[in-house]
file work-v8.cif (mmCIF, C-alpha atoms)
data_data
loop_
_atom_site.label_atom_id
_atom_site.label_comp_id
_atom_site.auth_asym_id
_atom_site.auth_seq_id
_atom_site.Cartn_x
_atom_site.Cartn_y
_atom_site.Cartn_z
CA MET K 144 0.00 0.00 0.00
CA SER K 145 2.72 2.31 0.86
CA ALA K 146 4.38 1.72 -2.48
CA GLU K 147 1.12 2.28 -4.26
CA GLY K 148 0.59 5.44 -2.32
CA ASP K 149 4.05 6.61 -3.17
CA HIS K 150 3.28 5.97 -6.80
CA GLU K 151 0.08 7.96 -6.58
CA ARG K 152 1.88 10.88 -4.98
CA ALA K 153 4.52 10.74 -7.67
CA THR K 154 2.13 10.96 -10.59
CA PRO K 155 1.47 14.72 -10.19
CA VAL K 156 5.05 15.30 -11.23
CA ALA K 157 3.84 14.78 -14.78
CA ARG K 158 2.01 18.12 -14.54
CA THR K 159 5.31 19.91 -14.23
CA SER K 160 5.76 19.35 -17.95
CA LEU K 161 3.27 22.22 -18.46
CA ARG K 162 5.63 24.78 -16.96
CA PRO K 163 7.98 25.10 -19.92
CA ARG K 164 4.99 25.73 -22.17
CA LEU K 165 3.66 28.49 -19.85
CA SER K 166 7.11 30.07 -19.68
CA ALA K 167 7.40 29.97 -23.42
CA ARG K 168 4.00 31.59 -23.75
CA ARG K 169 5.03 34.38 -21.40
CA PHE K 170 8.31 34.76 -23.24
CA ARG K 171 6.61 35.04 -26.58
CA GLY K 172 4.28 37.71 -25.11
CA ALA K 173 7.22 39.68 -23.75
CA ALA K 174 8.98 39.52 -27.11
CA ALA K 175 6.14 41.45 -28.76
CA PRO K 176 5.30 44.32 -26.38
CA GLY K 177 2.66 46.93 -27.12
CA PRO K 178 3.43 50.49 -28.27
CA ASP K 179 5.72 52.57 -26.10
CA PRO K 180 3.37 54.82 -24.05
CA THR K 181 5.85 57.69 -24.14
CA GLU K 182 6.09 57.50 -27.90
CA VAL K 183 2.30 57.41 -28.21
CA LEU K 184 1.94 60.47 -25.97
CA GLU K 185 4.59 62.37 -27.89
CA THR K 186 2.86 61.49 -31.15
CA GLY K 187 -0.47 62.68 -29.75
CA VAL K 188 1.06 66.00 -28.72
CA ALA K 189 2.60 66.40 -32.19
CA VAL K 190 -0.73 65.62 -33.85
CA ALA K 191 -2.58 68.18 -31.73
CA ALA K 192 0.06 70.83 -32.46
CA GLY K 193 0.00 70.10 -36.18
CA LEU K 194 -3.78 70.38 -36.37
CA ARG K 195 -3.48 73.94 -35.05
CA GLU K 196 -1.45 74.91 -38.11
CA PRO K 197 -3.13 76.35 -41.25
CA ALA K 198 -5.32 73.88 -43.12
CA GLY K 199 -3.50 72.26 -46.03
CA SER K 200 -0.07 73.16 -44.66
CA ALA K 201 2.84 70.74 -44.44
CA ALA K 202 2.46 70.68 -40.66
CA ALA K 203 -1.23 69.72 -40.90
CA THR K 204 -0.37 66.96 -43.39
CA GLU K 205 2.34 65.62 -41.10
CA ALA K 206 -0.16 65.58 -38.22
CA LEU K 207 -2.52 63.42 -40.28
CA ARG K 208 0.32 61.06 -41.19
CA ARG K 209 1.07 60.58 -37.50
CA LEU K 210 -2.62 60.14 -36.71
CA ALA K 211 -2.93 57.49 -39.44
CA GLY K 212 0.03 55.67 -37.93
CA LEU K 213 -1.61 55.63 -34.50
CA CYS K 214 -4.87 54.08 -35.71
CA GLY K 215 -3.51 51.94 -38.56
CA ALA K 216 -5.03 53.91 -41.44
CA GLU K 217 -3.68 53.89 -44.98
CA ALA K 218 -4.75 57.49 -45.50
CA ALA K 219 -6.23 60.29 -43.42
CA GLY K 220 -7.82 63.61 -44.23
CA LEU K 221 -9.46 66.55 -42.53
CA VAL K 222 -12.06 68.45 -44.55
CA ARG K 223 -13.24 71.78 -43.15
CA PRO K 224 -15.81 74.05 -44.81
CA GLY K 225 -14.27 77.14 -46.35
CA LEU K 226 -10.67 75.96 -45.78
CA PRO K 227 -8.18 73.99 -47.87
CA ASP K 228 -8.34 70.23 -47.38
CA SER K 229 -5.60 68.56 -45.35
CA TRP K 230 -4.78 65.07 -46.63
CA TRP K 231 -2.14 62.38 -46.28
CA GLY K 232 -2.00 59.18 -48.31
CA PRO K 233 -3.74 57.99 -51.47
CA GLY K 234 -7.35 58.54 -52.50
CA ARG K 235 -7.64 62.23 -51.74
CA ALA K 236 -10.37 63.01 -54.26
CA ASP K 237 -12.57 60.08 -53.20
CA GLY K 238 -12.02 60.86 -49.54
CA VAL K 239 -12.98 64.52 -49.93
CA ALA K 240 -16.07 63.52 -51.90
CA LEU K 241 -17.06 61.09 -49.13
CA ALA K 242 -16.69 63.84 -46.54
CA GLY K 243 -19.03 66.00 -48.60
CA ARG K 244 -21.67 63.27 -48.62
CA ALA K 245 -21.38 62.56 -44.91
CA ARG K 246 -23.36 65.69 -43.94
CA GLY K 247 -22.82 65.50 -40.21
CA ARG K 248 -23.14 61.71 -39.83
CA ARG K 249 -20.76 58.76 -39.90
CA LEU K 250 -20.52 57.29 -43.39
CA THR K 251 -18.48 54.32 -44.67
CA GLU K 252 -17.91 53.53 -48.32
CA ALA K 253 -15.28 51.50 -50.18
CA GLY K 254 -13.03 51.06 -47.17
CA ARG K 255 -13.18 54.73 -46.18
CA THR K 256 -14.94 56.17 -43.16
CA ALA K 257 -16.01 59.79 -42.72
CA LEU K 258 -16.62 60.95 -39.14
CA PRO K 259 -17.88 64.40 -38.05
CA VAL K 260 -15.51 66.14 -35.61
CA GLY K 261 -17.51 69.04 -34.32
CA ASP K 262 -19.71 71.45 -36.22
CA GLY K 263 -18.53 71.22 -39.82
CA PRO K 264 -15.12 69.48 -39.98
CA VAL K 265 -15.01 65.85 -41.12
CA LEU K 266 -12.24 63.32 -40.47
CA VAL K 267 -11.71 60.68 -43.16
CA LEU K 268 -9.81 57.46 -42.46
CA ALA K 269 -9.02 54.88 -45.15
CA GLY K 270 -7.99 51.24 -44.61
CA GLY K 271 -8.72 48.65 -41.99
CA VAL K 272 -9.46 50.96 -39.06
CA GLY K 273 -11.72 49.46 -36.40
CA THR K 274 -14.85 51.24 -35.27
CA ALA K 275 -13.55 51.93 -31.78
CA ALA K 276 -10.22 53.28 -33.06
CA ALA K 277 -11.99 55.50 -35.60
CA ARG K 278 -14.25 56.96 -32.91
CA ARG K 279 -11.32 57.61 -30.60
CA ALA K 280 -9.42 59.31 -33.42
CA ALA K 281 -12.43 61.50 -34.23
CA ALA K 282 -12.84 62.47 -30.56
CA PHE K 283 -9.15 63.33 -30.33
CA VAL K 284 -9.27 65.51 -33.46
CA ALA K 285 -12.45 67.25 -32.25
CA ASP K 286 -10.79 68.04 -28.91
CA ALA K 287 -7.63 69.33 -30.62
CA LEU K 288 -9.64 71.60 -32.93
CA GLU K 289 -11.69 72.95 -30.01
CA ARG K 290 -8.56 73.70 -28.00
CA ALA K 291 -7.08 75.47 -31.02
CA ARG K 292 -10.26 77.53 -31.39
CA LEU K 293 -10.17 78.54 -27.73
CA ALA K 294 -6.47 79.42 -27.95
CA ASP K 295 -7.08 81.56 -31.03
CA GLY K 296 -9.96 83.25 -29.26
CA GLU K 297 -7.80 84.01 -26.23
CA ALA K 298 -5.05 85.39 -28.46
CA GLU K 299 -7.58 87.68 -30.16
CA ALA K 300 -8.96 88.73 -26.76
CA GLU K 301 -5.42 89.56 -25.61
CA ALA K 302 -4.87 91.65 -28.74
CA ALA K 303 -8.19 93.43 -28.12
CA ARG K 304 -7.22 94.21 -24.52
CA LEU K 305 -3.90 95.64 -25.71
CA ARG K 306 -5.67 97.77 -28.32
CA ALA K 307 -8.00 99.00 -25.58
CA LEU K 308 -5.07 99.99 -23.37
CA ARG K 309 -3.46 101.91 -26.21
CA ALA K 310 -6.75 103.66 -26.92
CA GLN K 311 -7.14 104.69 -23.27
CA ILE K 312 -4.19 107.08 -23.13
CA SER K 313 -5.80 110.07 -21.50
CA PRO K 314 -6.53 112.82 -24.04
CA HIS K 315 -6.54 115.19 -21.07
CA PHE K 316 -2.97 114.19 -20.21
CA VAL K 317 -1.80 114.49 -23.83
CA TYR K 318 -3.38 117.94 -24.14
CA ASN K 319 -1.83 119.15 -20.88
CA ALA K 320 1.59 117.72 -21.78
CA LEU K 321 1.63 119.43 -25.18
CA THR K 322 0.36 122.67 -23.68
CA THR K 323 3.12 122.58 -21.07
CA ILE K 324 5.76 121.88 -23.72
CA ALA K 325 4.45 124.79 -25.78
CA SER K 326 4.74 127.10 -22.77
CA PHE K 327 8.50 126.47 -22.64
CA VAL K 328 9.18 127.00 -26.35
CA ARG K 329 10.14 130.68 -25.87
CA SER K 330 11.07 130.86 -22.20
CA ASP K 331 13.18 127.67 -22.07
CA PRO K 332 13.75 126.16 -25.54
CA ALA K 333 16.16 123.51 -24.23
CA ARG K 334 13.60 122.18 -21.77
CA ALA K 335 10.88 122.29 -24.41
CA ARG K 336 13.09 120.19 -26.69
CA ASP K 337 13.83 117.67 -23.93
CA LEU K 338 10.17 117.37 -23.01
CA LEU K 339 9.21 116.94 -26.65
CA GLU K 340 11.70 114.08 -27.00
CA THR K 341 10.31 112.55 -23.82
CA PHE K 342 6.80 112.86 -25.18
CA ALA K 343 7.88 111.13 -28.40
CA GLU K 344 9.41 108.26 -26.37
CA PHE K 345 6.20 107.91 -24.37
CA ILE K 346 4.03 107.83 -27.49
CA ARG K 347 6.42 105.45 -29.27
CA HIS K 348 6.17 102.87 -26.51
CA SER K 349 2.46 103.34 -25.84
CA LEU K 350 1.18 103.39 -29.39
CA ALA K 351 3.82 101.96 -31.68
CA ALA K 352 5.15 99.03 -29.63
CA ARG K 353 5.05 95.75 -31.53
CA GLY K 354 5.00 92.23 -30.17
CA ASP K 355 3.42 90.77 -27.06
CA TYR K 356 6.29 91.27 -24.60
CA VAL K 357 9.05 93.76 -23.85
CA PRO K 358 11.87 93.78 -21.29
CA LEU K 359 10.88 95.29 -17.97
CA ALA K 360 13.55 97.90 -18.70
CA GLY K 361 11.40 99.12 -21.60
CA GLU K 362 8.33 99.41 -19.38
CA PHE K 363 10.32 101.40 -16.81
CA ARG K 364 11.58 103.76 -19.54
CA SER K 365 7.98 104.40 -20.53
CA VAL K 366 7.05 104.98 -16.88
CA GLU K 367 9.90 107.46 -16.43
CA ALA K 368 8.85 109.28 -19.61
CA TYR K 369 5.27 109.51 -18.37
CA LEU K 370 6.34 110.75 -14.93
CA THR K 371 8.67 113.35 -16.45
CA LEU K 372 5.78 114.76 -18.47
CA ALA K 373 3.41 114.55 -15.49
CA ARG K 374 5.87 116.48 -13.31
CA ALA K 375 6.15 119.13 -16.00
CA VAL K 376 2.36 119.49 -15.88
CA LEU K 377 1.81 119.18 -12.11
CA GLY K 378 5.02 120.79 -10.93
CA GLU K 379 5.88 120.35 -7.27
CA ARG K 380 2.52 118.70 -6.56
CA LEU K 381 3.94 115.42 -7.92
CA ARG K 382 6.84 113.77 -6.13
CA VAL K 383 8.36 110.63 -7.61
CA GLN K 384 10.58 107.76 -6.50
CA VAL K 385 11.58 104.98 -8.92
CA ARG K 386 13.73 102.06 -7.78
CA VAL K 387 14.43 98.93 -9.79
CA ALA K 388 16.92 96.13 -9.17
CA PRO K 389 19.24 95.50 -12.16
CA GLU K 390 18.57 91.75 -12.16
CA VAL K 391 14.89 92.19 -13.11
CA LEU K 392 15.43 94.61 -16.00
CA PRO K 393 15.68 91.82 -18.65
CA VAL K 394 12.51 90.06 -17.44
CA PRO K 395 9.94 89.95 -20.28
CA VAL K 396 6.56 91.43 -19.39
CA PRO K 397 3.41 92.09 -21.42
CA VAL K 398 3.47 95.41 -23.25
CA LEU K 399 1.83 98.20 -21.20
CA ALA K 400 1.70 96.10 -18.03
CA LEU K 401 3.13 98.87 -15.84
CA GLN K 402 2.55 102.33 -17.29
CA PRO K 403 -1.27 102.27 -16.92
CA LEU K 404 -0.85 101.50 -13.21
CA VAL K 405 1.43 104.50 -12.71
CA GLU K 406 -0.96 106.73 -14.65
CA ASN K 407 -3.77 105.48 -12.38
CA ALA K 408 -1.70 106.41 -9.30
CA VAL K 409 -1.13 109.93 -10.62
CA GLN K 410 -4.73 110.53 -11.67
CA HIS K 411 -6.52 108.98 -8.68
CA GLY K 412 -3.86 109.51 -6.02
CA VAL K 413 -1.97 112.75 -6.68
CA GLU K 414 -4.39 114.83 -8.75
CA ARG K 415 -7.23 114.26 -6.28
CA SER K 416 -5.17 115.52 -3.34
CA PRO K 417 -5.08 119.31 -2.87
CA ASP K 418 -1.42 119.21 -1.89
CA GLY K 419 -0.41 116.59 -4.46
CA GLY K 420 1.40 113.48 -3.38
CA LEU K 421 4.12 110.90 -3.80
CA VAL K 422 4.21 108.08 -6.36
CA GLN K 423 6.69 105.27 -5.76
CA VAL K 424 7.49 102.57 -8.31
CA SER K 425 9.76 99.65 -7.50
CA GLY K 426 10.86 96.35 -9.00
CA GLU K 427 12.85 93.64 -7.27
CA ALA K 428 13.52 89.93 -7.41
CA GLU K 429 12.22 87.46 -4.85
CA GLY K 430 13.65 84.14 -5.94
CA ASP K 431 12.10 83.24 -9.30
CA VAL K 432 9.49 86.00 -9.02
CA CYS K 433 9.72 89.65 -10.05
CA VAL K 434 7.72 91.84 -7.65
CA ILE K 435 6.61 95.24 -8.94
CA THR K 436 4.79 97.73 -6.74
CA VAL K 437 3.15 101.07 -7.51
CA ASP K 438 2.35 103.17 -4.41
CA ASP K 439 0.60 106.49 -3.96
CA ASP K 440 -0.28 108.35 -0.77
CA GLY K 441 -3.58 109.63 -2.09
CA PRO K 442 -7.09 109.26 -0.65
CA GLY K 443 -7.23 105.49 -1.16
CA MET K 444 -10.50 103.57 -1.36
CA SER K 445 -12.45 100.87 0.42
CA PRO K 446 -11.43 97.24 -0.23
CA GLU K 447 -14.92 96.62 -1.59
CA HIS K 448 -14.47 99.37 -4.16
CA ALA K 449 -11.05 97.97 -5.08
CA ARG K 450 -12.60 94.57 -5.77
CA ALA K 451 -15.27 96.23 -7.89
CA VAL K 452 -12.57 98.08 -9.84
CA LEU K 453 -10.81 94.84 -10.77
CA ALA K 454 -14.14 93.22 -11.60
CA GLY K 455 -14.94 96.12 -13.94
CA THR K 456 -18.16 96.94 -12.08
CA ALA K 457 -17.06 100.07 -10.20
CA GLU K 458 -19.04 103.12 -11.26
CA GLY K 459 -16.88 105.60 -13.14
CA ALA K 460 -13.80 103.34 -13.00
CA GLY K 461 -11.63 103.08 -16.09
CA LEU K 462 -10.84 99.81 -17.80
CA ALA K 463 -7.05 100.13 -17.68
CA LEU K 464 -6.62 98.20 -14.42
CA VAL K 465 -9.16 95.59 -15.53
CA ASN K 466 -7.35 95.03 -18.83
CA VAL K 467 -3.93 94.75 -17.19
CA ASP K 468 -5.28 92.33 -14.60
CA ARG K 469 -6.91 90.08 -17.21
CA ARG K 470 -3.86 90.11 -19.45
CA LEU K 471 -1.61 89.06 -16.57
CA ARG K 472 -3.97 86.23 -15.59
CA ALA K 473 -4.21 85.05 -19.20
CA VAL K 474 -0.41 84.89 -19.55
CA TYR K 475 0.72 83.68 -16.11
CA GLY K 476 -2.35 82.03 -14.59
CA SER K 477 -5.09 83.03 -12.19
CA ASP K 478 -2.65 83.50 -9.29
CA HIS K 479 -0.78 86.33 -11.02
CA GLY K 480 -3.36 89.08 -11.35
CA LEU K 481 -3.13 92.52 -9.77
CA VAL K 482 -3.33 92.85 -5.99
CA ILE K 483 -4.68 96.15 -4.64
CA GLU K 484 -3.87 97.05 -1.03
CA THR K 485 -5.82 100.10 0.08
CA ALA K 486 -8.10 101.69 2.63
CA PRO K 487 -9.83 105.09 2.88
CA GLY K 488 -7.22 107.73 3.70
CA ALA K 489 -4.34 105.24 3.51
CA GLY K 490 -3.26 105.54 -0.11
CA THR K 491 -3.13 102.69 -2.62
CA ARG K 492 -0.57 100.03 -3.43
CA ILE K 493 -0.82 97.87 -6.55
CA VAL K 494 1.35 94.75 -6.61
CA LEU K 495 2.34 92.59 -9.59
CA ARG K 496 4.10 89.27 -9.10
CA ILE K 497 5.51 88.06 -12.42
CA PRO K 498 7.54 84.86 -12.91
CA ARG K 499 11.05 85.73 -14.05
CA PHE K 500 11.04 82.67 -16.27
CA GLN K 501 7.80 81.61 -17.94
CA PRO K 502 7.47 79.05 -20.79
CA GLY K 503 6.31 80.74 -23.97
CA VAL K 504 7.02 84.26 -22.70
CA VAL K 505 9.90 85.54 -24.80
CA ILE K 506 10.89 88.87 -26.29
#
call {"tool": "encode", "arguments": {"input": "work-v8.cif", "output": "structure tokens"}}
result
Amino acid sequence: MSAEGDHERATPVARTSLRPRLSARRFRGAAAPGPDPTEVLETGVAVAAGLREPAGSAAATEALRRLAGLCGAEAAGLVRPGLPDSWWGPGRADGVALAGRARGRRLTEAGRTALPVGDGPVLVLAGGVGTAAARRAAAFVADALERARLADGEAEAEAARLRALRAQISPHFVYNALTTIASFVRSDPARARDLLETFAEFIRHSLAARGDYVPLAGEFRSVEAYLTLARAVLGERLRVQVRVAPEVLPVPVPVLALQPLVENAVQHGVERSPDGGLVQVSGEAEGDVCVITVDDDGPGMSPEHARAVLAGTAEGAGLALVNVDRRLRAVYGSDHGLVIETAPGAGTRIVLRIPRFQPGVVI
């Protein structure tokens, strides 16, 4: 019995012969891994970026080539009403014709599938692309086009805010500055000439600046030009202090991010005080952040009114501060808008905190 039992216990050893086959199966699976996730992500980013380029461009065509590679298509196209067709691979004419017949619905003919991607655009995929893969590709393209539309809208909004700032240069200030310059033409020609050059520098920066960003040094030059003209107009009523650390002068900032704040301090702080007042402008580095402050010792305001000013709902408040605040938030994020520190009778301080190094912000 014992021998028979030993034999029975020994028989399971035969099952160990399955192990090499399992190991081989695992080995064969490891030898053919799926796509590299990093490569897939990088391709997706490249596709999204390419779809933002002009329709029919080489970049848009390259994006479709990459998209076709991801979903196993032999050809891919993006047909948008009123824009050139973007296409990669054979069968362009038939693919575009299929997109025209799709009319907002999925349509498959002769190995080609047309899928709507939003309101108007149609994605066409040719070859053995599965239904699930085609739907995912269409959803990805629709998302990329929507993000591009939003980005273009934000860029246009930023341009509109900058145009508004340039249009808001006070006619009253310009008139007073020119009148003051004219008063010195005979009595002090040298000063008149200097003020006229300063006025030209102020106008050049305020109206003729090109590009989205300038060095902070350029903004401070514009501020100094404005304050020179304001002192010529207001005389001893306006006292000025400007301090800026050399290490922040090269920091790129949005055009007209600073001068409107200084003009606000002069108009609402100094001019409203019978005895005038002091305007202080400073810029310094705090680690990776550039901190800019504009102070005046004028009448100040309630914190509630300050919040209404930034919200654009304060009665009689100009839009300059609102535009600067929204531009800063659009560029640097919601944590980098203007901060107003004020109270009735305590003056006003406006603080900007700008990253010294920000991706995409270059001069």
call {"tool": "atom_distance", "arguments": {"input": "work-v8.cif", "atom1": "CA of Ala449 in chain K", "atom2": "CA of Arg415 in chain K"}}
result
16.8 Å
call {"tool": "resolve_selection", "arguments": {"input": "work-v8.cif", "expression": "the PyMOL selection byres ((chain K and resi 446) around 9)", "output": "PyMOL selection string"}}
result
chain K and resi 444-445+447-451+483-487
call {"tool": "resolve_selection", "arguments": {"input": "work-v8.cif", "expression": "the PyMOL selection byres ((chain K and resi 439) around 6)", "output": "list in words"}}
result
Ala408, Gly412, Leu421, Val422, Asp438, Asp440, Gly441, Gly490 and Thr491 of chain K
call {"tool": "atom_distance", "arguments": {"input": "work-v8.cif", "atom1": "CA of Arg492 in chain K", "atom2": "CA of Leu404 in chain K"}}
result
9.9 Å
call {"tool": "atom_distance", "arguments": {"input": "work-v8.cif", "atom1": "CA of Asp478 in chain K", "atom2": "CA of Gly430 in chain K"}}
result
16.7 Å
call {"tool": "resolve_selection", "arguments": {"input": "work-v8.cif", "expression": "the PyMOL selection byres ((chain K and resi 247) around 8)", "output": "VMD selection string"}}
result
chain K and resid 245 to 246 248 to 249 258 to 259 262 to 263 265
call {"tool": "closest_residue", "arguments": {"input": "work-v8.cif", "among": "K:Val409, K:Leu210, K:Leu453, K:Val398", "to": "Ala191 in chain K", "atoms": "all atoms listed in the file"}}
result
K:Leu210
call {"tool": "residues_around", "arguments": {"input": "work-v8.cif", "residues": "Leu481 in chain K", "least_positions_apart": "4", "cutoff": "9 Å", "atoms": "all atoms listed in the file", "output": "tab-separated table (two decimals) with C-alpha atoms, keeping the file's coordinate frame"}}
result
chain	number	residue	atom	x	y	z
K	453	LEU	CA	-10.81	94.84	-10.77
K	464	LEU	CA	-6.62	98.20	-14.42
K	465	VAL	CA	-9.16	95.59	-15.53
K	467	VAL	CA	-3.93	94.75	-17.19
K	468	ASP	CA	-5.28	92.33	-14.60
K	469	ARG	CA	-6.91	90.08	-17.21
K	471	LEU	CA	-1.61	89.06	-16.57
K	472	ARG	CA	-3.97	86.23	-15.59
K	493	ILE	CA	-0.82	97.87	-6.55
K	494	VAL	CA	1.35	94.75	-6.61
K	495	LEU	CA	2.34	92.59	-9.59
K	496	ARG	CA	4.10	89.27	-9.10
call {"tool": "closest_residue", "arguments": {"input": "work-v8.cif", "among": "K:Ser200, K:Asn466, K:Gln501, K:Thr251", "to": "Asp228 in chain K", "atoms": "all atoms listed in the file"}}
result
K:Ser200
call {"tool": "closest_residue", "arguments": {"input": "work-v8.cif", "among": "K:Tyr369, K:Tyr356, K:Trp231, K:Phe345", "to": "Val394 in chain K", "atoms": "all atoms listed in the file"}}
result
K:Tyr356
call {"tool": "residues_around", "arguments": {"input": "work-v8.cif", "residues": "Ala280 in chain K", "least_positions_apart": "4", "cutoff": "10 Å", "atoms": "all atoms listed in the file", "output": "PDB file with C-alpha atoms, keeping the file's coordinate frame"}}
result
ATOM      1  CA  LEU K 210      -2.620  60.140 -36.710  1.00  0.00           C
ATOM      2  CA  ALA K 211      -2.930  57.490 -39.440  1.00  0.00           C
ATOM      3  CA  LEU K 213      -1.610  55.630 -34.500  1.00  0.00           C
ATOM      4  CA  CYS K 214      -4.870  54.080 -35.710  1.00  0.00           C
ATOM      5  CA  LEU K 258     -16.620  60.950 -39.140  1.00  0.00           C
ATOM      6  CA  VAL K 260     -15.510  66.140 -35.610  1.00  0.00           C
ATOM      7  CA  LEU K 266     -12.240  63.320 -40.470  1.00  0.00           C
ATOM      8  CA  LEU K 268      -9.810  57.460 -42.460  1.00  0.00           C
ATOM      9  CA  THR K 274     -14.850  51.240 -35.270  1.00  0.00           C
ATOM     10  CA  ALA K 275     -13.550  51.930 -31.780  1.00  0.00           C
ATOM     11  CA  ALA K 276     -10.220  53.280 -33.060  1.00  0.00           C
ATOM     12  CA  VAL K 284      -9.270  65.510 -33.460  1.00  0.00           C
ATOM     13  CA  ALA K 285     -12.450  67.250 -32.250  1.00  0.00           C
ATOM     14  CA  ASP K 286     -10.790  68.040 -28.910  1.00  0.00           C
TER      15      ASP K 286
END
call {"tool": "closest_residue", "arguments": {"input": "work-v8.cif", "among": "K:Ala325, K:Val482, K:Ala388, K:Ala269", "to": "Glu252 in chain K", "atoms": "all atoms listed in the file"}}
result
K:Ala269
call {"tool": "closest_residue", "arguments": {"input": "work-v8.cif", "among": "K:Pro395, K:Gly220, K:Gly232, K:Gly238", "to": "Ala281 in chain K", "atoms": "all atoms listed in the file"}}
result
K:Gly220
call {"tool": "closest_residue", "arguments": {"input": "work-v8.cif", "among": "K:Gly273, K:Gly426, K:Pro264, K:Gly443", "to": "Leu401 in chain K", "atoms": "all atoms listed in the file"}}
result
K:Gly426
call {"tool": "residues_around", "arguments": {"input": "work-v8.cif", "residues": "Val424 in chain K", "least_positions_apart": "5", "cutoff": "8 Å", "atoms": "all atoms listed in the file", "output": "NGL selection string"}}
result
:K and (384-387 or 405 or 435-438)
call {"tool": "decode", "arguments": {"input": "work-v8.cif", "residues": "range 225-236 of chain K", "atoms": "N, CA, C and O atoms", "output": "short mmCIF file (atom, residue, chain, number, x, y, z; two decimals), in the first residue's frame"}}
result
data_model
loop_
_atom_site.label_atom_id
_atom_site.label_comp_id
_atom_site.auth_asym_id
_atom_site.auth_seq_id
_atom_site.Cartn_x
_atom_site.Cartn_y
_atom_site.Cartn_z
N GLY K 225 -14.88 75.84 -46.13
CA GLY K 225 -14.27 77.14 -46.35
C GLY K 225 -12.77 77.17 -46.21
O GLY K 225 -12.17 78.24 -46.33
N LEU K 226 -12.13 76.01 -45.94
CA LEU K 226 -10.67 75.96 -45.78
C LEU K 226 -10.09 74.91 -46.71
O LEU K 226 -10.79 73.98 -47.12
N PRO K 227 -8.81 75.03 -47.05
CA PRO K 227 -8.18 73.99 -47.87
C PRO K 227 -8.24 72.64 -47.16
O PRO K 227 -8.21 72.56 -45.93
N ASP K 228 -8.32 71.57 -47.95
CA ASP K 228 -8.34 70.23 -47.38
C ASP K 228 -6.94 69.83 -46.95
O ASP K 228 -5.95 70.12 -47.63
N SER K 229 -6.85 69.15 -45.81
CA SER K 229 -5.60 68.56 -45.35
C SER K 229 -5.69 67.06 -45.59
O SER K 229 -6.67 66.42 -45.18
N TRP K 230 -4.69 66.49 -46.27
CA TRP K 230 -4.78 65.07 -46.63
C TRP K 230 -3.40 64.45 -46.64
O TRP K 230 -2.42 65.07 -47.07
N TRP K 231 -3.36 63.18 -46.16
CA TRP K 231 -2.14 62.38 -46.28
C TRP K 231 -2.52 61.00 -46.79
O TRP K 231 -3.49 60.41 -46.32
N GLY K 232 -1.77 60.51 -47.77
CA GLY K 232 -2.00 59.18 -48.31
C GLY K 232 -2.77 59.22 -49.62
O GLY K 232 -3.12 60.29 -50.14
N PRO K 233 -3.05 58.05 -50.18
CA PRO K 233 -3.74 57.99 -51.47
C PRO K 233 -5.25 58.23 -51.32
O PRO K 233 -5.80 58.21 -50.23
N GLY K 234 -5.90 58.43 -52.48
CA GLY K 234 -7.35 58.54 -52.50
C GLY K 234 -7.91 59.84 -52.03
O GLY K 234 -9.03 59.88 -51.50
N ARG K 235 -7.19 60.93 -52.25
CA ARG K 235 -7.64 62.23 -51.74
C ARG K 235 -9.00 62.63 -52.32
O ARG K 235 -9.91 63.02 -51.57
N ALA K 236 -9.13 62.54 -53.63
CA ALA K 236 -10.37 63.01 -54.26
C ALA K 236 -11.58 62.23 -53.76
O ALA K 236 -12.62 62.81 -53.43
#
